[in-house]
Structures are given as C-alpha cells and as structure tokens.
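> If you scroll down you'll find the structure; I have some questions about it.
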Amino acid sequence: MSSTLYHLSMEQTWSSLVNYLILPHPSGQFGVEFSCLEEDEEAARFATAAADLVIYTDGCCIQGKVGAAFCVMRDAAQLHGKKLKLSNFCTVYQAELLALSEATGYAASGSAQLCGILSDSRSALQTVANSDTVHPLAVRVKENVMKARENGKNVSFYWVKAYAGTERNERADQLAKNAVLKSKRQPEYEECPISFFKRQLGLGTLDEWNRRYIQCTTASTTRKFFPDAISAYRVLRNVEVDAVLVQLFTGHGGFSEYLHRYLHKEDLSCFCGPGVDQTVVHLVAHCPAFHNSVWTSNAG
C-alpha cells in the first residue's frame with residue numbers, strides 16, 4: 001500500500017481546493033445564476049434569439065477515458081469548436097467544469113457582448129452558482145465571468161437536458177467524444193480528483209488487510225464464512241453487525257468448543273447428543289436441534 005501511495009503522490013497533481021486566503025473578500029464574491037431550458041424547442045429559440053453568441057459545453061467518459069469540449073454557435077453556424085482531453089483518472093464532473101472554464105475564457109476574450117453558455121451538467125452549474133465554492137475550476141469560471149463583466153460583456157448560463165436531440169447540443173457531445181476516442185495528444189488537464197485518491201487509498205488498505213488476513217494463522221472460524229477479507233468487506237459493509245453475529249462469525253461465544261478450550265467447560269459435546277463437538281459450523285449447518293427450532297419457528 002505504501003508504495004502505491006508514494007507512486008500516486010509523486011506523479012499526480014492533486015486537485016486541491018482553492019485557499020480561502022487568496023479568494024476575493026466576501027463582499028466581492030458572487031454566485032453565477034443559471035436558468036433551466038426544459039424543452040428542445042425552448043433551447044433552439046434561445047440559441048437563435050437570446051444572445052449574440054451561444055456556446056454549448058459537454059463532458060464525457062468512454063471506455064475509461066475522459067474528454068470535454070465546447071462548441072461556439074451563431075445562428076445555425078459553428079464558428080469554433082475545441083476538444084479537451086483529460087487524464088483517465090479524472091471524472092466527468094471535472095470534464096464538465098473544465099468545458100465551462102474554457103467556454104467562459106473564450107467568451108471573456110471574444111467580441112460578443114451577449115454570450116449564452118449551455119451545459120447539460122446541473123451539478124457543474126450548481127457548483128459555479130455557489131458563491132462559497134472553492135473548487136479550482138469553478139473559481140476559474142467565475143474569474144472569467146468577472147473579466148467579461150469588466151469589459152462590458154454579459155455571460156449567462158443555462159442548463160439543458162442531456163442528449164436533448166438538438167443539433168447544436170449533439171455537436172458539442174460529438175466533439176467531447178472525439179477528444180476521448182481520436183485525440184492522441186497529451187491531456188490538457190491532469191489534476192487528480194480527491195475521489196480518486198480516496199478510492200486508491202481504500203483499495204490499497206483493503207489489499208493490505210487481505211494480505212494479512214490470508215497469511216495469519218488465527219481466525220479459523222471466520223475463514224469458514226469468509227475465505228478472504230475482500231469478500232468479508234463486501235458482505236459486512238451492508239450488514240448491521242451485532243453481538244450475536246460477532247460471536248457467530250468469530251466462534252468466540254457460548255459454544256462448547258470455545259468454552260472447553262479456555263477450561264470453562266469440561267465437555268465440548270453439543271446438547272443434541274453425546275460425541276458431537278458443539279462448534280459454530282455444527283450449530284449452523286448440522287445440529288438437528290437447531291434446525292428443528294428454526295423449522296418450528298418458521299412453520300408457526
């Protein structure tokens with residue numbers, strides 16, 4: 001596990017949150033509002049009438065590869081399109097925010113006075129809309145919006161349904177897919193999300209736990225239920241473990257075999273009959289008295 005973490009820490013740049021000390025004073029911070037365009041026709045009307053320039057953004061993950069894109073439209077004509085490749089460990093959420101960041105940067109540096117940016121990621125837009133956000137990409141989006149405002153431009157944000165079927169939205173979607181499937185250049189964005197770090201840390205911890213579990217010479221009763229720690233983790237994480245289950249899975253309880261081992265009981269026979277050791281496996285799988293009581297209970 002330690003070698004894996006060393007490899008990650010040395011070769012990856014972590015997507016750390018922006019330090020509050022370098023953010024603008026609270027009085028100068030602002031959120032970015034966005035509107036929802038629920039219908040395809042509504043999005044099409046907006047694209048032709050509500051702004052001088054319309055930018056569609058999208059992010060996607062295909063076959064474990066991540067990409068993003070934005071598509072600049074005026075009327076029905078595509079003026080510009082940009083594909084963005086991200087490292088494979090990045091998330092679609094990061095891709096959507098990266099597309100918004102690049103789109104707002106384009107809007108801030110362009111000549112259009114009214115620019116509308118459309119995204120199908122409500123989570124990315126909500127992050128940008130949060131006035132207290134410290135996500136680096138969201139902060140960059142707001143910095144671009146502020147720069148545009150200082151130059152007398154207005155940038156508006158809109159949420160549209162994913163795969164709405166509009167030609168313009170599909171163009172941005174296709175650009176993002178091309179960034180994933182056809183681009184052979186180095187990624188433009190390589191900051192590792194915290195979720196990836198947590199996942200790798202969890203997997204490394206689980207592997208180390210499993211290695212120790214397999215190599216240890218104790219827990220013989222537990223091994224009968226769970227041959228390895230990974231299978232135990234998958235089951236027990238979804239089970240509310242109580243005192244009875246702990247005794248059952250470990251064999252440390254009021255069982256004749258366990259009590260006899262520690263000299264608390266002279267005879268390790270089961271109450272179902274002499275000559276049969278009362279072990280956990282016997283009680284669960286073979287003891288007729290136990291089975292009869294369960295059967296009687298269920299029948300009643």
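Quick note on naming: the chains in the structure tokens go A, B, ... in the order shown, residues restart at 1 in each chain, and ligands are numbered from 1 in order of appearance.
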So that I can see what lies close to range 92-98 of chain A, please list as a ChimeraX atom specification the residues with an atom at most 9 Å from it, counting only C-alpha atoms and leaving out residues fewer than 5 positions away in the same chain.
/A:57-61,66-69,84-86,103,119-121,123-125,127-128,137-138,141,189,193
> Could those residues be written to a file, using C-alpha atoms, as a CSV table (one decimal), in the first residue's frame?

chain,number,residue,atom,x,y,z
A,57,THR,CA,-20.4,22.6,-23.5
A,58,ASP,CA,-20.1,18.9,-22.7
A,59,GLY,CA,-18.0,16.3,-20.9
A,60,CYS,CA,-18.0,12.5,-21.3
A,61,CYS,CA,-16.3,9.3,-20.2
A,66,VAL,CA,-12.4,11.3,-20.2
A,67,GLY,CA,-12.9,14.3,-22.5
A,68,ALA,CA,-14.6,17.6,-22.8
A,69,ALA,CA,-15.4,20.2,-25.4
A,84,LEU,CA,-10.2,18.9,-24.4
A,85,LYS,CA,-8.5,15.7,-23.2
A,86,LEU,CA,-8.3,14.9,-19.5
A,103,ALA,CA,-16.0,28.4,-22.7
A,119,SER,CA,-24.5,22.9,-20.3
A,120,ASP,CA,-26.3,19.6,-19.6
A,121,SER,CA,-24.5,19.2,-16.2
A,123,SER,CA,-24.1,19.6,-10.8
A,124,ALA,CA,-21.3,21.6,-12.5
A,125,LEU,CA,-23.6,24.7,-12.9
A,127,THR,CA,-21.0,24.4,-8.2
A,128,VAL,CA,-20.4,27.5,-10.2
A,137,LEU,CA,-12.2,25.0,-12.0
A,138,ALA,CA,-15.4,26.7,-10.6
A,141,VAL,CA,-15.1,30.1,-14.3
A,189,TYR,CA,-6.0,18.6,-17.6
A,193,PRO,CA,-9.7,14.4,-8.0
> Would you mind listing what lies within 12 Å of Ala219 in chain A as a CSV table (one decimal) with N, CA, C and O atoms, in the first residue's frame, with only C-alpha atoms counted and same-chain residues fewer than 6 positions away left out?

chain,number,residue,atom,x,y,z
A,212,ARG,N,-2.7,-9.6,5.1
A,212,ARG,CA,-2.5,-10.0,6.5
A,212,ARG,C,-3.5,-11.1,6.9
A,212,ARG,O,-3.2,-12.0,7.6
A,213,TYR,N,-4.8,-11.0,6.4
A,213,TYR,CA,-5.8,-11.9,6.8
A,213,TYR,C,-5.5,-13.3,6.2
A,213,TYR,O,-5.6,-14.3,6.9
A,225,PHE,N,-16.5,-18.8,7.0
A,225,PHE,CA,-17.6,-17.9,6.5
A,225,PHE,C,-17.0,-17.0,5.4
A,225,PHE,O,-17.7,-16.8,4.3
A,226,PHE,N,-15.8,-16.5,5.6
A,226,PHE,CA,-15.2,-15.6,4.7
A,226,PHE,C,-13.8,-16.0,4.4
A,226,PHE,O,-12.9,-15.8,5.2
A,227,PRO,N,-13.5,-16.6,3.2
A,227,PRO,CA,-12.2,-17.1,2.9
A,227,PRO,C,-11.2,-16.0,2.7
A,227,PRO,O,-10.0,-16.2,2.8
A,228,ASP,N,-11.6,-14.8,2.4
A,228,ASP,CA,-10.7,-13.7,2.3
A,228,ASP,C,-11.4,-12.4,2.8
A,228,ASP,O,-12.6,-12.3,2.9
A,229,ALA,N,-10.5,-11.4,3.0
A,229,ALA,CA,-11.1,-10.2,3.6
A,229,ALA,C,-11.9,-9.3,2.7
A,229,ALA,O,-12.8,-8.6,3.1
A,247,GLN,N,-20.2,-13.2,17.6
A,247,GLN,CA,-19.9,-14.5,18.2
A,247,GLN,C,-20.0,-15.6,17.1
A,247,GLN,O,-19.2,-16.5,17.1
A,248,LEU,N,-20.9,-15.5,16.2
A,248,LEU,CA,-21.1,-16.5,15.2
A,248,LEU,C,-20.0,-16.5,14.2
A,248,LEU,O,-19.4,-17.6,13.9
A,249,PHE,N,-19.6,-15.4,13.8
A,249,PHE,CA,-18.5,-15.3,12.7
A,249,PHE,C,-17.1,-15.6,13.3
A,249,PHE,O,-16.2,-16.0,12.6
A,250,THR,N,-16.9,-15.3,14.6
A,250,THR,CA,-15.6,-15.5,15.2
A,250,THR,C,-15.5,-16.8,16.0
A,250,THR,O,-14.4,-17.3,16.2
A,251,GLY,N,-16.6,-17.3,16.4
A,251,GLY,CA,-16.6,-18.5,17.3
A,251,GLY,C,-16.3,-18.2,18.7
A,251,GLY,O,-16.2,-19.1,19.5
A,252,HIS,N,-16.2,-16.9,19.0
A,252,HIS,CA,-15.9,-16.5,20.4
A,252,HIS,C,-17.2,-16.2,21.1
A,252,HIS,O,-17.7,-15.1,21.1
> Once DSSP has gone over the backbone, tell me which residues of range 164-200 of chain A are in alpha helix (DSSP H), as a ChimeraX atom specification.
/A:167-181,194-200
> List as a VMD selection string the protein and nucleic acid residues near Val246 in chain A, meaning an atom at most 12 Å away when only C-alpha atoms are counted, but skip any in the same chain fewer than 6 places from it.
chain A and resid 221 to 222 225 236 239 to 240 252 to 254 280
> Can those selected residues be exported to a file as a PDB file, in the first residue's frame so that it contains N, CA, C and O atoms?

ATOM      1  N   THR A 221     -12.362 -19.919  12.508  1.00  0.00           N
ATOM      2  CA  THR A 221     -13.824 -19.949  12.356  1.00  0.00           C
ATOM      3  C   THR A 221     -14.291 -18.910  11.345  1.00  0.00           C
ATOM      4  O   THR A 221     -15.141 -19.194  10.494  1.00  0.00           O
ATOM      5  N   THR A 222     -13.725 -17.728  11.412  1.00  0.00           N
ATOM      6  CA  THR A 222     -14.117 -16.668  10.485  1.00  0.00           C
ATOM      7  C   THR A 222     -13.829 -17.065   9.046  1.00  0.00           C
ATOM      8  O   THR A 222     -14.607 -16.744   8.126  1.00  0.00           O
ATOM      9  N   PHE A 225     -16.540 -18.768   7.039  1.00  0.00           N
ATOM     10  CA  PHE A 225     -17.573 -17.917   6.458  1.00  0.00           C
ATOM     11  C   PHE A 225     -17.015 -17.014   5.365  1.00  0.00           C
ATOM     12  O   PHE A 225     -17.660 -16.786   4.345  1.00  0.00           O
ATOM     13  N   LEU A 236     -20.090  -7.522   4.834  1.00  0.00           N
ATOM     14  CA  LEU A 236     -20.301  -6.902   6.137  1.00  0.00           C
ATOM     15  C   LEU A 236     -20.552  -5.403   6.055  1.00  0.00           C
ATOM     16  O   LEU A 236     -21.136  -4.825   6.969  1.00  0.00           O
ATOM     17  N   VAL A 239     -24.235  -5.025   6.238  1.00  0.00           N
ATOM     18  CA  VAL A 239     -24.910  -5.757   7.311  1.00  0.00           C
ATOM     19  C   VAL A 239     -24.734  -5.008   8.622  1.00  0.00           C
ATOM     20  O   VAL A 239     -23.637  -4.516   8.917  1.00  0.00           O
ATOM     21  N   GLU A 240     -25.803  -4.918   9.396  1.00  0.00           N
ATOM     22  CA  GLU A 240     -25.710  -4.325  10.729  1.00  0.00           C
ATOM     23  C   GLU A 240     -25.227  -5.408  11.696  1.00  0.00           C
ATOM     24  O   GLU A 240     -25.985  -6.302  12.079  1.00  0.00           O
ATOM     25  N   HIS A 252     -16.167 -16.948  19.039  1.00  0.00           N
ATOM     26  CA  HIS A 252     -15.884 -16.534  20.415  1.00  0.00           C
ATOM     27  C   HIS A 252     -17.210 -16.242  21.127  1.00  0.00           C
ATOM     28  O   HIS A 252     -17.711 -15.116  21.080  1.00  0.00           O
ATOM     29  N   GLY A 253     -17.771 -17.256  21.727  1.00  0.00           N
ATOM     30  CA  GLY A 253     -19.050 -17.078  22.392  1.00  0.00           C
ATOM     31  C   GLY A 253     -19.390 -18.274  23.249  1.00  0.00           C
ATOM     32  O   GLY A 253     -18.514 -19.053  23.653  1.00  0.00           O
ATOM     33  N   GLY A 254     -20.662 -18.461  23.510  1.00  0.00           N
ATOM     34  CA  GLY A 254     -21.101 -19.536  24.401  1.00  0.00           C
ATOM     35  C   GLY A 254     -21.193 -20.869  23.711  1.00  0.00           C
ATOM     36  O   GLY A 254     -22.208 -21.568  23.836  1.00  0.00           O
ATOM     37  N   VAL A 280     -19.342 -23.869  15.872  1.00  0.00           N
ATOM     38  CA  VAL A 280     -20.229 -22.949  15.161  1.00  0.00           C
ATOM     39  C   VAL A 280     -20.753 -23.590  13.882  1.00  0.00           C
ATOM     40  O   VAL A 280     -21.947 -23.502  13.561  1.00  0.00           O
TER      41      VAL A 280
END
> Within range 51-296 of chain A, find each residue whose DSSP state, derived from the backbone, is strand (DSSP E), and express the selection as a PyMOL selection string.
chain A and resi 53-62+65-74+77-86+114-119+154-160+191-192+269-270+273-277
> Just to be explicit: take each residue in the selection above, keep N, CA and C atoms, and write the result as a compact mmCIF listing (two decimals), in the first residue's frame.

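The resulting file, out.txt, is reproduced below:
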# COMPACT_ATOMS: atom_id res chain seq x y z
N LEU A 53 -23.87 35.28 -29.15
CA LEU A 53 -23.04 34.09 -29.30
C LEU A 53 -23.53 33.03 -28.32
N VAL A 54 -23.61 31.79 -28.77
CA VAL A 54 -24.05 30.68 -27.92
C VAL A 54 -22.95 29.64 -27.89
N ILE A 55 -22.63 29.18 -26.69
CA ILE A 55 -21.58 28.17 -26.54
C ILE A 55 -22.18 26.95 -25.83
N TYR A 56 -22.09 25.80 -26.49
CA TYR A 56 -22.53 24.54 -25.90
C TYR A 56 -21.32 23.81 -25.32
N THR A 57 -21.45 23.30 -24.12
CA THR A 57 -20.35 22.58 -23.47
C THR A 57 -20.79 21.16 -23.13
N ASP A 58 -19.80 20.28 -23.06
CA ASP A 58 -20.13 18.89 -22.70
C ASP A 58 -18.88 18.17 -22.22
N GLY A 59 -19.08 17.15 -21.42
CA GLY A 59 -18.01 16.28 -20.95
C GLY A 59 -18.48 14.85 -21.00
N CYS A 60 -17.56 13.92 -21.18
CA CYS A 60 -17.97 12.52 -21.29
C CYS A 60 -16.84 11.60 -20.85
N CYS A 61 -17.21 10.36 -20.58
CA CYS A 61 -16.25 9.31 -20.24
C CYS A 61 -16.63 8.07 -21.04
N ILE A 62 -15.71 7.61 -21.87
CA ILE A 62 -15.94 6.43 -22.72
C ILE A 62 -14.76 5.49 -22.58
N LYS A 65 -11.87 6.60 -20.56
CA LYS A 65 -11.17 7.81 -20.98
C LYS A 65 -12.11 8.99 -20.87
N VAL A 66 -11.56 10.16 -20.53
CA VAL A 66 -12.38 11.33 -20.21
C VAL A 66 -12.03 12.47 -21.15
N GLY A 67 -13.07 13.15 -21.63
CA GLY A 67 -12.86 14.28 -22.51
C GLY A 67 -13.92 15.34 -22.31
N ALA A 68 -13.68 16.52 -22.85
CA ALA A 68 -14.62 17.63 -22.76
C ALA A 68 -14.50 18.46 -24.04
N ALA A 69 -15.47 19.33 -24.24
CA ALA A 69 -15.44 20.16 -25.44
C ALA A 69 -16.41 21.32 -25.27
N PHE A 70 -16.20 22.37 -26.07
CA PHE A 70 -17.21 23.40 -26.21
C PHE A 70 -17.32 23.78 -27.68
N CYS A 71 -18.51 24.17 -28.05
CA CYS A 71 -18.85 24.45 -29.44
C CYS A 71 -19.49 25.84 -29.51
N VAL A 72 -18.90 26.74 -30.28
CA VAL A 72 -19.37 28.12 -30.39
C VAL A 72 -20.28 28.24 -31.61
N MET A 73 -21.50 28.73 -31.38
CA MET A 73 -22.50 28.81 -32.44
C MET A 73 -23.00 30.24 -32.60
N ARG A 74 -23.27 30.60 -33.84
CA ARG A 74 -24.01 31.83 -34.14
C ARG A 74 -25.06 31.45 -35.16
N ALA A 77 -24.73 28.27 -37.53
CA ALA A 77 -23.38 28.03 -37.99
C ALA A 77 -22.43 27.83 -36.82
N GLN A 78 -21.53 26.88 -36.96
CA GLN A 78 -20.50 26.66 -35.95
C GLN A 78 -19.30 27.53 -36.27
N LEU A 79 -18.97 28.43 -35.35
CA LEU A 79 -17.84 29.32 -35.55
C LEU A 79 -16.54 28.73 -35.04
N HIS A 80 -16.64 27.96 -33.97
CA HIS A 80 -15.42 27.45 -33.35
C HIS A 80 -15.77 26.24 -32.48
N GLY A 81 -14.85 25.32 -32.40
CA GLY A 81 -15.02 24.17 -31.52
C GLY A 81 -13.68 23.77 -30.94
N LYS A 82 -13.68 23.36 -29.70
CA LYS A 82 -12.43 22.98 -29.05
C LYS A 82 -12.62 21.68 -28.27
N LYS A 83 -11.70 20.75 -28.52
CA LYS A 83 -11.71 19.48 -27.81
C LYS A 83 -10.68 19.51 -26.69
N LEU A 84 -11.03 18.92 -25.56
CA LEU A 84 -10.17 18.94 -24.38
C LEU A 84 -10.03 17.52 -23.86
N LYS A 85 -8.80 17.09 -23.71
CA LYS A 85 -8.54 15.75 -23.20
C LYS A 85 -8.11 15.82 -21.75
N LEU A 86 -8.67 14.95 -20.92
CA LEU A 86 -8.31 14.86 -19.51
C LEU A 86 -7.65 13.52 -19.23
N LEU A 114 -23.15 39.79 -25.73
CA LEU A 114 -24.09 38.90 -25.05
C LEU A 114 -23.75 37.47 -25.41
N CYS A 115 -23.39 36.69 -24.41
CA CYS A 115 -22.97 35.31 -24.65
C CYS A 115 -23.76 34.38 -23.73
N GLY A 116 -24.33 33.35 -24.30
CA GLY A 116 -25.04 32.34 -23.52
C GLY A 116 -24.29 31.03 -23.54
N ILE A 117 -24.08 30.43 -22.38
CA ILE A 117 -23.37 29.16 -22.27
C ILE A 117 -24.33 28.10 -21.79
N LEU A 118 -24.45 27.03 -22.56
CA LEU A 118 -25.39 25.96 -22.25
C LEU A 118 -24.64 24.70 -21.85
N SER A 119 -25.08 24.09 -20.76
CA SER A 119 -24.46 22.86 -20.26
C SER A 119 -25.55 21.89 -19.84
N ASN A 154 -21.83 40.46 -21.09
CA ASN A 154 -22.76 39.72 -20.23
C ASN A 154 -22.71 38.24 -20.61
N VAL A 155 -22.40 37.41 -19.62
CA VAL A 155 -22.34 35.96 -19.84
C VAL A 155 -23.44 35.31 -19.00
N SER A 156 -24.31 34.58 -19.67
CA SER A 156 -25.43 33.91 -18.99
C SER A 156 -25.25 32.39 -19.11
N PHE A 157 -25.76 31.68 -18.11
CA PHE A 157 -25.63 30.23 -18.08
C PHE A 157 -27.02 29.59 -18.12
N TYR A 158 -27.08 28.44 -18.83
CA TYR A 158 -28.34 27.73 -18.99
C TYR A 158 -28.09 26.23 -18.89
N TRP A 159 -29.04 25.57 -18.25
CA TRP A 159 -29.00 24.12 -18.20
C TRP A 159 -29.97 23.55 -19.23
N VAL A 160 -29.50 22.59 -20.02
CA VAL A 160 -30.34 21.90 -20.99
C VAL A 160 -30.29 20.40 -20.70
N GLU A 191 -5.15 17.12 -13.22
CA GLU A 191 -5.26 17.18 -11.77
C GLU A 191 -6.15 16.05 -11.26
N CYS A 192 -5.60 15.31 -10.34
CA CYS A 192 -6.28 14.12 -9.83
C CYS A 192 -7.36 14.51 -8.82
N SER A 269 -19.19 -31.46 24.05
CA SER A 269 -20.26 -32.06 23.25
C SER A 269 -21.43 -31.10 23.09
N CYS A 270 -22.16 -31.29 22.00
CA CYS A 270 -23.34 -30.48 21.74
C CYS A 270 -24.53 -31.05 22.50
N GLY A 273 -26.62 -34.30 21.30
CA GLY A 273 -26.25 -35.68 21.52
C GLY A 273 -24.79 -35.81 21.89
N PRO A 274 -24.42 -36.83 22.61
CA PRO A 274 -23.02 -37.03 23.01
C PRO A 274 -22.14 -37.40 21.82
N GLY A 275 -20.86 -37.10 21.94
CA GLY A 275 -19.90 -37.47 20.90
C GLY A 275 -19.85 -36.52 19.73
N VAL A 276 -20.62 -35.42 19.76
CA VAL A 276 -20.61 -34.44 18.67
C VAL A 276 -20.13 -33.12 19.23
N ASP A 277 -19.04 -32.61 18.72
CA ASP A 277 -18.50 -31.35 19.20
C ASP A 277 -19.41 -30.19 18.81
> Between A:Gln200, A:Asn151, A:Thr91, A:Thr205, which one has atoms that come closest to Ser111 in chain A, using only C-alpha atoms?
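With only C-alpha atoms as the atom set, the closest residue is A:Asn151.
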